[in-house]
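K.L.:
I am sharing upload30.csv, which consists of CSV, N, CA and C atoms:
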```csv
chain,number,residue,atom,x,y,z
A,1,MET,N,-4.1,82.7,207.7
A,1,MET,CA,-5.2,82.1,206.9
A,1,MET,C,-4.9,82.2,205.5
A,2,LYS,N,-5.2,81.2,204.7
A,2,LYS,CA,-5.0,81.1,203.3
A,2,LYS,C,-6.3,80.6,202.6
A,3,ALA,N,-6.4,80.8,201.3
A,3,ALA,CA,-7.5,80.3,200.6
A,3,ALA,C,-7.0,79.9,199.2
A,4,SER,N,-7.8,79.1,198.5
A,4,SER,CA,-7.5,78.6,197.2
A,4,SER,C,-7.6,79.8,196.2
A,5,SER,N,-8.6,80.7,196.4
A,5,SER,CA,-8.8,81.9,195.5
A,5,SER,C,-9.5,82.9,196.4
A,6,THR,N,-9.6,84.1,195.8
A,6,THR,CA,-10.3,85.2,196.5
A,6,THR,C,-11.2,85.9,195.4
A,7,LEU,N,-12.4,86.2,195.7
A,7,LEU,CA,-13.3,86.9,194.8
A,7,LEU,C,-12.7,88.2,194.4
A,8,ASN,N,-12.3,89.0,195.3
A,8,ASN,CA,-11.7,90.3,195.1
A,8,ASN,C,-11.1,90.8,196.4
A,9,LYS,N,-10.5,92.0,196.4
A,9,LYS,CA,-9.8,92.5,197.6
A,9,LYS,C,-10.7,92.7,198.8
A,10,ARG,N,-12.0,92.7,198.6
A,10,ARG,CA,-12.9,92.8,199.8
A,10,ARG,C,-13.2,91.5,200.5
A,11,TYR,N,-12.8,90.4,199.9
A,11,TYR,CA,-13.1,89.1,200.5
A,11,TYR,C,-11.9,88.2,200.7
A,12,LYS,N,-10.9,88.8,201.3
A,12,LYS,CA,-9.6,88.1,201.5
A,12,LYS,C,-9.8,87.0,202.6
A,13,PRO,N,-8.9,86.0,202.6
A,13,PRO,CA,-8.9,85.0,203.6
A,13,PRO,C,-8.9,85.6,205.0
A,14,GLU,N,-8.1,86.6,205.2
A,14,GLU,CA,-7.9,87.2,206.6
A,14,GLU,C,-9.3,87.8,207.1
A,15,TYR,N,-10.2,88.0,206.2
A,15,TYR,CA,-11.5,88.4,206.7
A,15,TYR,C,-12.5,87.3,207.0
A,16,GLY,N,-12.0,86.1,206.9
A,16,GLY,CA,-12.8,84.9,207.2
A,16,GLY,C,-12.9,84.5,208.6
A,17,ARG,N,-12.4,85.3,209.5
A,17,ARG,CA,-12.5,85.1,210.9
A,17,ARG,C,-14.0,85.4,211.4
A,18,LEU,N,-14.5,84.6,212.3
A,18,LEU,CA,-15.9,84.7,212.8
A,18,LEU,C,-16.1,86.1,213.3
A,19,ASN,N,-17.2,86.7,213.0
A,19,ASN,CA,-17.7,88.1,213.4
A,19,ASN,C,-16.8,89.2,212.9
A,20,THR,N,-16.1,89.0,211.8
A,20,THR,CA,-15.4,90.1,211.1
A,20,THR,C,-16.3,90.9,210.3
A,21,ILE,N,-16.2,92.2,210.4
A,21,ILE,CA,-17.1,93.1,209.6
A,21,ILE,C,-16.2,94.0,208.8
A,22,ILE,N,-14.9,93.7,208.6
A,22,ILE,CA,-14.0,94.5,207.7
A,22,ILE,C,-14.4,94.2,206.3
A,23,GLU,N,-14.4,95.2,205.5
A,23,GLU,CA,-14.7,95.1,204.0
A,23,GLU,C,-16.0,94.3,203.8
A,24,GLY,N,-15.9,93.1,203.1
A,24,GLY,CA,-17.0,92.3,202.9
A,24,GLY,C,-17.4,91.4,204.1
A,25,GLY,N,-16.5,91.3,205.1
A,25,GLY,CA,-16.8,90.6,206.3
A,25,GLY,C,-16.7,89.1,206.2
A,26,VAL,N,-16.1,88.6,205.2
A,26,VAL,CA,-16.0,87.2,205.0
A,26,VAL,C,-15.0,86.8,203.9
A,27,TRP,N,-14.5,85.6,203.9
A,27,TRP,CA,-13.7,85.2,202.7
A,27,TRP,C,-14.7,84.7,201.7
A,28,CYS,N,-14.5,84.9,200.4
A,28,CYS,CA,-15.4,84.4,199.4
A,28,CYS,C,-14.5,84.0,198.2
A,29,ALA,N,-14.6,82.7,197.8
A,29,ALA,CA,-13.8,82.2,196.7
A,29,ALA,C,-14.2,82.9,195.3
A,30,ARG,N,-13.2,82.9,194.4
A,30,ARG,CA,-13.5,83.5,193.1
A,30,ARG,C,-14.3,82.6,192.2
A,31,GLU,N,-14.2,81.2,192.4
A,31,GLU,CA,-14.9,80.3,191.6
A,31,GLU,C,-15.8,79.4,192.4
A,32,ILE,N,-16.9,79.0,191.8
A,32,ILE,CA,-17.8,78.1,192.4
A,32,ILE,C,-17.3,76.7,192.0
A,33,SER,N,-16.7,76.0,192.9
A,33,SER,CA,-16.1,74.7,192.7
A,33,SER,C,-15.8,73.9,193.9
A,34,ILE,N,-15.8,72.6,193.9
A,34,ILE,CA,-15.5,71.8,195.0
A,34,ILE,C,-14.1,71.8,195.4
A,35,ASN,N,-13.2,72.4,194.6
A,35,ASN,CA,-11.8,72.5,194.8
A,35,ASN,C,-11.4,73.7,195.6
A,36,GLN,N,-12.3,74.6,196.0
A,36,GLN,CA,-12.0,75.8,196.8
A,36,GLN,C,-11.8,75.4,198.2
A,37,TYR,N,-10.8,76.1,198.9
A,37,TYR,CA,-10.6,75.8,200.3
A,37,TYR,C,-10.2,77.1,201.1
A,38,PHE,N,-10.5,77.0,202.4
A,38,PHE,CA,-10.1,78.0,203.4
A,38,PHE,C,-9.3,77.3,204.4
A,39,GLN,N,-8.1,77.8,204.6
A,39,GLN,CA,-7.1,77.1,205.5
A,39,GLN,C,-6.7,78.0,206.6
A,40,VAL,N,-6.6,77.4,207.8
A,40,VAL,CA,-6.2,78.1,209.0
A,40,VAL,C,-5.0,77.3,209.6
A,41,ASP,N,-3.9,78.0,209.8
A,41,ASP,CA,-2.8,77.4,210.4
A,41,ASP,C,-2.8,77.8,211.9
A,42,LEU,N,-3.0,76.8,212.8
A,42,LEU,CA,-3.1,77.0,214.2
A,42,LEU,C,-1.7,77.0,214.9
A,43,ILE,N,-0.6,76.9,214.1
A,43,ILE,CA,0.8,77.0,214.5
A,43,ILE,C,1.2,75.7,215.3
A,44,GLU,N,0.4,75.4,216.3
A,44,GLU,CA,0.7,74.2,217.1
A,44,GLU,C,-0.5,73.3,217.1
A,45,GLU,N,-0.3,72.1,217.6
A,45,GLU,CA,-1.4,71.1,217.6
A,45,GLU,C,-2.5,71.5,218.6
A,46,HIS,N,-3.7,71.4,218.2
A,46,HIS,CA,-4.9,71.7,219.0
A,46,HIS,C,-6.0,70.6,218.8
A,47,LYS,N,-6.8,70.4,219.7
A,47,LYS,CA,-8.0,69.5,219.6
A,47,LYS,C,-9.1,70.5,219.2
A,48,ILE,N,-9.7,70.3,218.0
A,48,ILE,CA,-10.8,71.1,217.6
A,48,ILE,C,-12.1,70.4,217.9
A,49,THR,N,-13.1,71.0,218.6
A,49,THR,CA,-14.3,70.3,218.9
A,49,THR,C,-15.5,70.9,218.2
A,50,ASN,N,-15.4,72.1,217.6
A,50,ASN,CA,-16.5,72.7,216.9
A,50,ASN,C,-16.0,73.5,215.7
A,51,VAL,N,-16.7,73.6,214.7
A,51,VAL,CA,-16.5,74.5,213.5
A,51,VAL,C,-17.7,75.4,213.3
A,52,VAL,N,-17.5,76.7,213.3
A,52,VAL,CA,-18.7,77.6,213.1
A,52,VAL,C,-18.5,78.3,211.8
A,53,MET,N,-19.5,78.4,211.0
A,53,MET,CA,-19.5,79.0,209.7
A,53,MET,C,-20.3,80.3,209.8
A,54,GLN,N,-19.9,81.3,209.1
A,54,GLN,CA,-20.6,82.6,209.1
A,54,GLN,C,-20.8,83.0,207.6
A,55,GLY,N,-22.0,83.3,207.3
A,55,GLY,CA,-22.3,83.7,205.9
A,55,GLY,C,-22.0,85.2,205.7
A,56,LYS,N,-22.0,85.6,204.4
A,56,LYS,CA,-21.8,87.0,204.0
A,56,LYS,C,-22.9,87.8,204.5
A,57,TYR,N,-22.6,89.0,205.0
A,57,TYR,CA,-23.6,89.9,205.5
A,57,TYR,C,-24.2,90.9,204.5
A,58,SER,N,-23.4,91.2,203.4
A,58,SER,CA,-23.9,92.1,202.4
A,58,SER,C,-23.0,92.0,201.2
A,59,GLY,N,-23.3,92.8,200.1
A,59,GLY,CA,-22.5,92.9,199.0
A,59,GLY,C,-23.1,92.4,197.7
A,60,PRO,N,-22.5,92.7,196.6
A,60,PRO,CA,-23.1,92.4,195.3
A,60,PRO,C,-23.2,91.0,194.9
A,61,VAL,N,-22.4,90.1,195.5
A,61,VAL,CA,-22.5,88.7,195.2
A,61,VAL,C,-23.2,87.9,196.3
A,62,GLU,N,-24.0,88.6,197.0
A,62,GLU,CA,-24.7,88.0,198.2
A,62,GLU,C,-25.5,86.7,197.8
A,63,LYS,N,-26.1,86.7,196.6
A,63,LYS,CA,-26.9,85.6,196.2
A,63,LYS,C,-26.1,84.6,195.3
A,64,GLN,N,-24.8,84.8,195.1
A,64,GLN,CA,-24.0,84.0,194.2
A,64,GLN,C,-23.0,83.1,195.0
A,65,GLY,N,-22.4,83.6,196.0
A,65,GLY,CA,-21.2,83.0,196.6
A,65,GLY,C,-21.5,82.4,198.0
A,66,TRP,N,-22.2,81.3,198.1
A,66,TRP,CA,-22.4,80.7,199.4
A,66,TRP,C,-21.9,79.3,199.4
A,67,VAL,N,-21.6,78.8,200.5
A,67,VAL,CA,-21.1,77.4,200.7
A,67,VAL,C,-22.3,76.5,201.0
A,68,THR,N,-22.5,75.4,200.4
A,68,THR,CA,-23.6,74.5,200.7
A,68,THR,C,-23.1,73.2,201.3
A,69,LYS,N,-21.8,72.9,201.1
A,69,LYS,CA,-21.2,71.7,201.7
A,69,LYS,C,-19.8,72.0,202.0
A,70,PHE,N,-19.2,71.3,203.0
A,70,PHE,CA,-17.8,71.4,203.3
A,70,PHE,C,-17.3,70.2,204.0
A,71,SER,N,-16.1,69.9,203.9
A,71,SER,CA,-15.4,68.9,204.7
A,71,SER,C,-14.3,69.5,205.5
A,72,VAL,N,-13.8,68.8,206.5
A,72,VAL,CA,-12.7,69.2,207.3
A,72,VAL,C,-11.5,68.3,207.1
A,73,THR,N,-10.4,68.8,206.7
A,73,THR,CA,-9.1,68.1,206.6
A,73,THR,C,-8.1,68.7,207.5
A,74,TYR,N,-7.1,67.9,207.9
A,74,TYR,CA,-6.1,68.5,208.8
A,74,TYR,C,-4.8,67.9,208.5
A,75,SER,N,-3.7,68.6,208.9
A,75,SER,CA,-2.4,68.2,208.7
A,75,SER,C,-1.5,68.7,209.9
A,76,ASN,N,-0.5,67.9,210.2
A,76,ASN,CA,0.5,68.3,211.2
A,76,ASN,C,1.7,68.9,210.6
A,77,ASP,N,1.9,68.7,209.3
A,77,ASP,CA,3.1,69.2,208.6
A,77,ASP,C,2.8,70.1,207.4
A,78,GLY,N,1.5,70.2,207.0
A,78,GLY,CA,1.2,71.0,205.8
A,78,GLY,C,1.4,70.2,204.5
A,79,ILE,N,1.9,69.0,204.6
A,79,ILE,CA,2.1,68.2,203.4
A,79,ILE,C,1.2,67.0,203.3
A,80,ALA,N,1.1,66.2,204.3
A,80,ALA,CA,0.2,65.1,204.3
A,80,ALA,C,-1.1,65.5,205.0
A,81,TRP,N,-2.2,65.4,204.3
A,81,TRP,CA,-3.6,65.8,204.8
A,81,TRP,C,-4.5,64.6,205.0
A,82,ASN,N,-5.3,64.7,206.0
A,82,ASN,CA,-6.2,63.6,206.4
A,82,ASN,C,-7.6,64.2,206.5
A,83,GLN,N,-8.6,63.5,206.0
A,83,GLN,CA,-10.0,64.0,206.1
A,83,GLN,C,-10.6,63.6,207.4
A,84,HIS,N,-11.3,64.5,208.1
A,84,HIS,CA,-11.9,64.2,209.4
A,84,HIS,C,-12.9,63.0,209.2
A,85,MET,N,-12.8,62.0,210.1
A,85,MET,CA,-13.7,60.9,210.0
A,85,MET,C,-14.6,60.9,211.3
A,86,GLU,N,-15.8,60.4,211.1
A,86,GLU,CA,-16.7,60.3,212.2
A,86,GLU,C,-16.2,59.3,213.2
A,87,GLU,N,-16.0,59.6,214.4
A,87,GLU,CA,-15.4,58.8,215.4
A,87,GLU,C,-16.2,57.5,215.6
A,88,GLY,N,-15.5,56.3,215.5
A,88,GLY,CA,-16.1,55.1,215.8
A,88,GLY,C,-16.7,54.3,214.5
A,89,ILE,N,-16.9,55.1,213.4
A,89,ILE,CA,-17.5,54.4,212.3
A,89,ILE,C,-16.6,54.6,211.0
A,90,GLY,N,-15.6,55.4,211.1
A,90,GLY,CA,-14.6,55.5,210.0
A,90,GLY,C,-15.2,56.0,208.7
A,91,VAL,N,-16.2,56.9,208.8
A,91,VAL,CA,-16.8,57.5,207.6
A,91,VAL,C,-16.4,59.0,207.6
A,92,SER,N,-16.0,59.5,206.4
A,92,SER,CA,-15.6,60.9,206.3
A,92,SER,C,-16.9,61.7,206.3
A,93,ASN,N,-16.8,62.9,206.9
A,93,ASN,CA,-17.9,63.8,207.0
A,93,ASN,C,-17.9,64.8,205.9
A,94,VAL,N,-19.0,65.0,205.3
A,94,VAL,CA,-19.3,66.1,204.4
A,94,VAL,C,-20.5,66.8,205.0
A,95,PHE,N,-20.2,68.0,205.5
A,95,PHE,CA,-21.3,68.7,206.2
A,95,PHE,C,-22.1,69.4,205.2
A,96,ASP,N,-23.4,69.2,205.2
A,96,ASP,CA,-24.4,69.7,204.2
A,96,ASP,C,-25.3,70.8,204.8
A,97,PHE,N,-25.1,72.1,204.4
A,97,PHE,CA,-25.9,73.1,205.0
A,97,PHE,C,-27.3,73.1,204.6
A,98,LEU,N,-27.6,72.5,203.4
A,98,LEU,CA,-29.0,72.5,202.9
A,98,LEU,C,-29.8,71.6,203.8
A,99,ASN,N,-29.2,70.6,204.4
A,99,ASN,CA,-30.0,69.7,205.3
A,99,ASN,C,-30.0,70.2,206.7
A,100,THR,N,-29.3,71.3,207.0
A,100,THR,CA,-29.3,71.7,208.4
A,100,THR,C,-30.0,73.0,208.6
A,101,ILE,N,-30.5,73.7,207.6
A,101,ILE,CA,-31.1,75.0,207.7
A,101,ILE,C,-32.6,74.8,208.1
```
Would you write out, as C-alpha coordinates, the structure that this file holds?
P.N.:
Amino acid sequence: MKASSTLNKRYKPEYGRLNTIIEGGVWCAREISINQYFQVDLIEEHKITNVVMQGKYSGPVEKQGWVTKFSVTYSNDGIAWNQHMEEGIGVSNVFDFLNTI
(Lines of atoms letter the chains of each structure in order from A and count residues from 1; the text may use other names and numbers.)
(Lines give C-alpha, C1' and ligand atoms only; values in the text may rest on other atoms or scores of the structure.)
Protein backbone atom coordinates (compact mmCIF):
# COMPACT_ATOMS: atom_id res chain seq x y z
CA MET A 1 0.00 0.00 0.00
CA LYS A 2 1.21 3.49 -0.87
CA ALA A 3 -0.14 6.99 -0.45
CA SER A 4 0.56 10.48 -1.73
CA SER A 5 1.34 11.73 1.79
CA THR A 6 0.88 10.72 5.40
CA LEU A 7 -0.35 12.92 8.24
CA ASN A 8 2.19 11.41 10.66
CA LYS A 9 3.58 8.03 11.74
CA ARG A 10 0.24 7.02 13.28
CA TYR A 11 -1.61 7.18 9.92
CA LYS A 12 0.62 5.26 7.51
CA PRO A 13 -0.78 3.72 4.31
CA GLU A 14 -0.31 0.21 5.71
CA TYR A 15 -2.89 1.10 8.39
CA GLY A 16 -5.46 1.78 5.65
CA ARG A 17 -6.65 -1.82 5.55
CA LEU A 18 -10.30 -2.32 6.56
CA ASN A 19 -10.83 -3.01 10.29
CA THR A 20 -7.27 -2.07 11.24
CA ILE A 21 -6.95 -0.71 14.78
CA ILE A 22 -3.15 -0.27 14.84
CA GLU A 23 -2.08 3.23 15.87
CA GLY A 24 -4.63 5.62 14.33
CA GLY A 25 -6.42 2.76 12.57
CA VAL A 26 -6.46 4.38 9.17
CA TRP A 27 -4.40 6.14 6.53
CA CYS A 28 -4.75 9.91 6.69
CA ALA A 29 -3.27 12.34 4.16
CA ARG A 30 -1.08 15.22 5.31
CA GLU A 31 -2.86 17.73 3.07
CA ILE A 32 -6.49 18.44 2.29
CA SER A 33 -6.34 18.29 -1.50
CA ILE A 34 -7.92 16.51 -4.46
CA ASN A 35 -4.41 15.33 -5.39
CA GLN A 36 -4.13 12.91 -2.44
CA TYR A 37 -4.31 9.19 -3.17
CA PHE A 38 -4.28 5.79 -1.50
CA GLN A 39 -2.87 3.03 -3.73
CA VAL A 40 -3.15 -0.74 -3.35
CA ASP A 41 -1.04 -3.07 -5.48
CA LEU A 42 -2.92 -6.34 -5.93
CA ILE A 43 0.20 -7.90 -7.55
CA GLU A 44 -1.86 -9.72 -10.18
CA GLU A 45 -5.00 -8.84 -12.11
CA HIS A 46 -8.31 -9.10 -10.20
CA LYS A 47 -11.90 -8.13 -10.87
CA ILE A 48 -12.98 -5.68 -8.14
CA THR A 49 -16.71 -5.56 -7.46
CA ASN A 50 -16.86 -3.43 -4.28
CA VAL A 51 -14.86 -0.77 -2.48
CA VAL A 52 -15.42 -0.29 1.25
CA MET A 53 -14.23 2.84 3.04
CA GLN A 54 -13.62 3.11 6.78
CA GLY A 55 -13.45 6.37 8.70
CA LYS A 56 -11.04 7.24 11.46
CA TYR A 57 -12.10 5.90 14.83
CA SER A 58 -10.27 8.40 17.08
CA GLY A 59 -7.49 10.93 17.38
CA PRO A 60 -6.73 14.63 17.42
CA VAL A 61 -7.56 15.24 13.74
CA GLU A 62 -10.88 13.41 13.92
CA LYS A 63 -12.84 16.43 12.71
CA GLN A 64 -10.25 17.61 10.18
CA GLY A 65 -9.20 14.71 7.97
CA TRP A 66 -12.07 12.96 6.27
CA VAL A 67 -12.76 12.04 2.67
CA THR A 68 -15.91 13.47 1.12
CA LYS A 69 -15.36 12.29 -2.48
CA PHE A 70 -13.16 9.78 -4.24
CA SER A 71 -12.69 8.17 -7.62
CA VAL A 72 -11.19 4.82 -8.58
CA THR A 73 -8.37 4.52 -11.09
CA TYR A 74 -6.58 1.36 -12.11
CA SER A 75 -3.46 0.25 -13.94
CA ASN A 76 -2.01 -3.04 -15.10
CA ASP A 77 1.55 -1.71 -15.25
CA GLY A 78 1.69 1.18 -12.75
CA ILE A 79 2.42 3.64 -15.56
CA ALA A 80 -0.76 4.06 -17.60
CA TRP A 81 -3.80 4.77 -15.39
CA ASN A 82 -7.50 4.62 -16.31
CA GLN A 83 -10.42 6.05 -14.38
CA HIS A 84 -13.25 3.67 -13.58
CA MET A 85 -16.23 4.31 -15.87
CA GLU A 86 -19.85 3.45 -15.21
CA GLU A 87 -20.57 0.36 -17.31
CA GLY A 88 -22.68 1.04 -20.38
CA ILE A 89 -22.69 4.85 -20.20
CA GLY A 90 -19.00 5.77 -20.34
CA VAL A 91 -19.17 8.30 -17.49
CA SER A 92 -16.43 8.39 -14.86
CA ASN A 93 -17.57 7.89 -11.30
CA VAL A 94 -16.80 10.31 -8.50
CA PHE A 95 -18.24 8.80 -5.38
CA ASP A 96 -19.67 11.46 -3.07
CA PHE A 97 -20.00 10.54 0.62
CA LEU A 98 -22.03 13.61 1.44
CA ASN A 99 -24.84 12.34 -0.78
CA THR A 100 -24.75 8.81 0.60
CA ILE A 101 -24.80 9.47 4.35
K.L.:
Would you please work out which residue, of A:Leu7, A:Leu18, A:Ile79, A:Met1, is nearest to Val52 in chain A when using only N, CA and C atoms?
P.N.:
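Result for the nearest residue to Val52 in chain A: A:Leu18.
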K.L.:
What is the CA of Tyr37 in chain A-atom C of Ala3 in chain A distance in Å, reported with one decimal?
P.N.:
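We find that CA of Tyr37 in chain A and atom C of Ala3 in chain A lie 5.6 Å from each other.
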K.L.:
Go through A:Gly78, A:Lys69, A:Cys28, A:Gln54 and flag the residue nearest Lys12 in chain A, using all atoms listed in the file for the distances.
P.N.:
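With all atoms listed in the file as the atom set, the closest residue is A:Cys28.
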K.L.:
Could you tell me how far atom N of Ser75 in chain A sits from CA of Ile43 in chain A, in Å to one decimal place?
P.N.:
11.1 Å
K.L.:
Please indicate the distance in Å from atom C of Arg30 in chain A to CA of Asp77 in chain A, rounded to one decimal place.
P.N.:
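Computing the Euclidean distance for atom C of Arg30 in chain A and CA of Asp77 in chain A yields 27.4 Å.
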K.L.:
Counting only C-alpha atoms, select every polymer residue within 8 Å of (-9.6, 80.0, 200.4) as defined in the file's coordinates, and provide the selection as a PyMOL selection string.
P.N.:
chain A and resi 2-6+13+27-29+36-39
K.L.:
Please determine, counting only C-alpha atoms, which residue among A:Thr20, A:Thr49, A:Ser33, A:Asn8 has the shortest atom-to-atom distance to Val67 in chain A.
P.N.:
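Residue with the minimum atom-to-atom distance to Val67 in chain A: A:Ser33.
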